[in-house]
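Colleague: Have a look at this one.
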Amino acid sequence: MNARGNAARDLTPLPSTERPLSILLLEDSPLDAQLVAAQLEEGGLPSTLECVQGRTAFVAALEKGRFDLILSDYNVPGFDGMSALEAAQAVCPDTPFLFVSGALGEDRAIELLKRGATDYVLKDRLERLGPSVRRALREAEGVRLRKRTEEALRQSEERYQLVAHASFDAIWDLDLQTDAMHWIGDATEEVFGFPLEEVGAEAAWWRRHIHGEDRERVLAGLQQAFDSDEDRWQDEYRVLRKDGAYAYVAAQGSILRGANGKARRIVGAMRDITERRRAEEERQKLVHEAQARVEFEQQLIGIVSHDLRNPLSAILTGASLMLRRDDIQPWHAKAAARILSASERATRMIRDLLDFTQARMGGGIPVHAAPCDFHALMLQVVEEARTAHPERTIQMEQVGDGQGSWDSDRMAQVLSNILGNALKYSPEDTPVRVESRGEPDAIVVHVRNGGDPIPPEMLPRIFEPLQRGTTAGRSERSIGLGLYIVRQLVLAHGGTVDAQSSAAEGTVFTVRLPRVPVRDTP
């Protein structure tokens, strides 16, 4: 009876059946090699068999190829099975090694298994080869899987330790079942001032080191996160250091829950933010001080400007009445004219201060739009400038429709400021040209003057408050608010204003105002 044919076949699937098994066979008998190959085929183990007969070929095969399984006769001329096992373990220790031999005593078989052989099959019982190969492959796959898992865990732990030590955060792990709290990382000592071995392993240690004013809030917030379905918690609070000082920390954690949804663990990080908090508090202090100072200065300017208007009005009225007298003496008239001129200049300065205060404190200068002929308004402003500066040449050109909706008083203020600026900063023997052009949806005004250009470094700041140019040979009487107020008034009308200046073209201020009425600002 053929024992092979009557043996029960083990058809358990191999760990991987995508390709034939690559098997190295050490066997000096060609007939026995054929029997092994036939038994593997009969056992449903498709394989590519590389058969070698001696030490040199065996070692060469090990070095050049990777095998799924090694089969070896124990008695090979000039090469024993123990040496073959040692050679295989040196090159590929994870590859299953089975002995297929004739006579093999029990003691020797046990010794071979102790030395690392996976199994042995006697040649007169080759029907055991298939099951033994399958079992060996399964065990080898299990060993490889375990090693991969262990290596992955080792690398994960190594990365975790590296991250913990490289991080600026104190890493903590709180077990809610046991109330144990595990701290990791050099930053723990940085936060608390305690060596890591002195930091308590119980959560009670951490709770005791929370500042008394913060403890109830922090613990209540943490419990609320546990009781809800949140998966994260974060807070900022103070902790007591070893030196008795308190450090501000930012803490956050990831909550792990069981199958019933109940929180069972929280893992998180804690970072010392003391310097950041101090810097923020200092910044807030400086901001509050600056705001208080600005508000005080603006209120002071508003109060002083407002209270100065009453005495100036009395001075203006008195000087005007003196000039109207028929019997006024010439030197009285000259003095009254100077008083009147100085009072008007002071009144304009106070108006600018009030507008500046309103723009800074009230969010803008109020304007009240009404139907207006811009060309007529500009003609009025130019005539007033010609009367005040009879020695200057002011050219004017008006084109197109000048009708629109603007605050005429405020627009007169805009034109007067720009025209006055052009007259002030240009040579007396050069003309100033004023142009207004009506476009379909807007009115565009250009005021041009010659003379030295505005310095390039000053041009971007010319519409900022308290910026003043220089006028050679004349005393400076401006407080530097005129162009700032011009810009605020133009913006209040929904328009734009800009300036360009060069030695070749002179200085040009351009104002563009939409014709569409704007909503009155309060």
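Each chain of the structure tokens is named A, B, ... in the order shown, its residues numbered from 1; ligands are numbered from 1 in display order.
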Within 7 Å of His211 of chain A, counting only C-alpha atoms, which residues show up once you throw out same-chain ones fewer than 4 positions away? Write them as a list of chain:residue names, please.

Modeller: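 Selected residues are A:Arg215, A:Arg238, A:Val239, A:Leu240.
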
Colleague: Could you please write out, as an NGL selection string, every residue of segment 136-325 of chain A that DSSP assigns to alpha helix (DSSP H)?

Modeller: :A and (136-166 or 187-192 or 203-208 or 212-227 or 274-324)

Colleague: Please return, as JSON, numbers by chain, all residues of segment 164-294 of chain A that DSSP assigns to strand (DSSP E or B) on the basis of the backbone.

Modeller: {"A": [170, 171, 172, 173, 174, 175, 180, 181, 182, 183, 184, 202, 210, 232, 233, 234, 235, 236, 237, 238, 239, 240, 246, 247, 248, 249, 250, 251, 252, 253, 254, 255, 256, 257, 263, 264, 265, 266, 267, 268, 269, 270, 271, 272]}

Colleague: Counting only C-alpha atoms, which residue out of A:Gly258, A:Pro93, A:Pro440, A:Gly212 sits closest to Val143 of chain A?

Modeller: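 Comparing A:Gly258, A:Pro93, A:Pro440, A:Gly212 against Val143 of chain A, the winner is A:Pro93.
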
Colleague: For Glu50 of chain A, list every protein, DNA or RNA residue within 8 Å, evaluated using only C-alpha atoms, and leave out those in the same chain fewer than 4 positions away; present the list as number ranges by chain.

Modeller: A: 22-25

Colleague: What would the file look like if the residues just selected were written as a short mmCIF file (atom, residue, chain, number, x, y, z; two decimals), in the first residue's frame with N, CA, C and O atoms?

Modeller:
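New file again-v1.cif:
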```
data_model
loop_
_atom_site.label_atom_id
_atom_site.label_comp_id
_atom_site.auth_asym_id
_atom_site.auth_seq_id
_atom_site.Cartn_x
_atom_site.Cartn_y
_atom_site.Cartn_z
N SER A 22 9.36 29.59 -3.09
CA SER A 22 10.76 29.48 -3.48
C SER A 22 11.48 28.67 -2.39
O SER A 22 11.60 29.12 -1.25
N ILE A 23 11.95 27.45 -2.78
CA ILE A 23 12.50 26.51 -1.79
C ILE A 23 13.92 26.14 -2.18
O ILE A 23 14.21 25.84 -3.35
N LEU A 24 14.81 26.19 -1.19
CA LEU A 24 16.18 25.73 -1.37
C LEU A 24 16.28 24.32 -0.77
O LEU A 24 15.95 24.13 0.41
N LEU A 25 16.76 23.37 -1.56
CA LEU A 25 16.86 21.97 -1.11
C LEU A 25 18.33 21.55 -1.15
O LEU A 25 18.98 21.57 -2.21
#
```
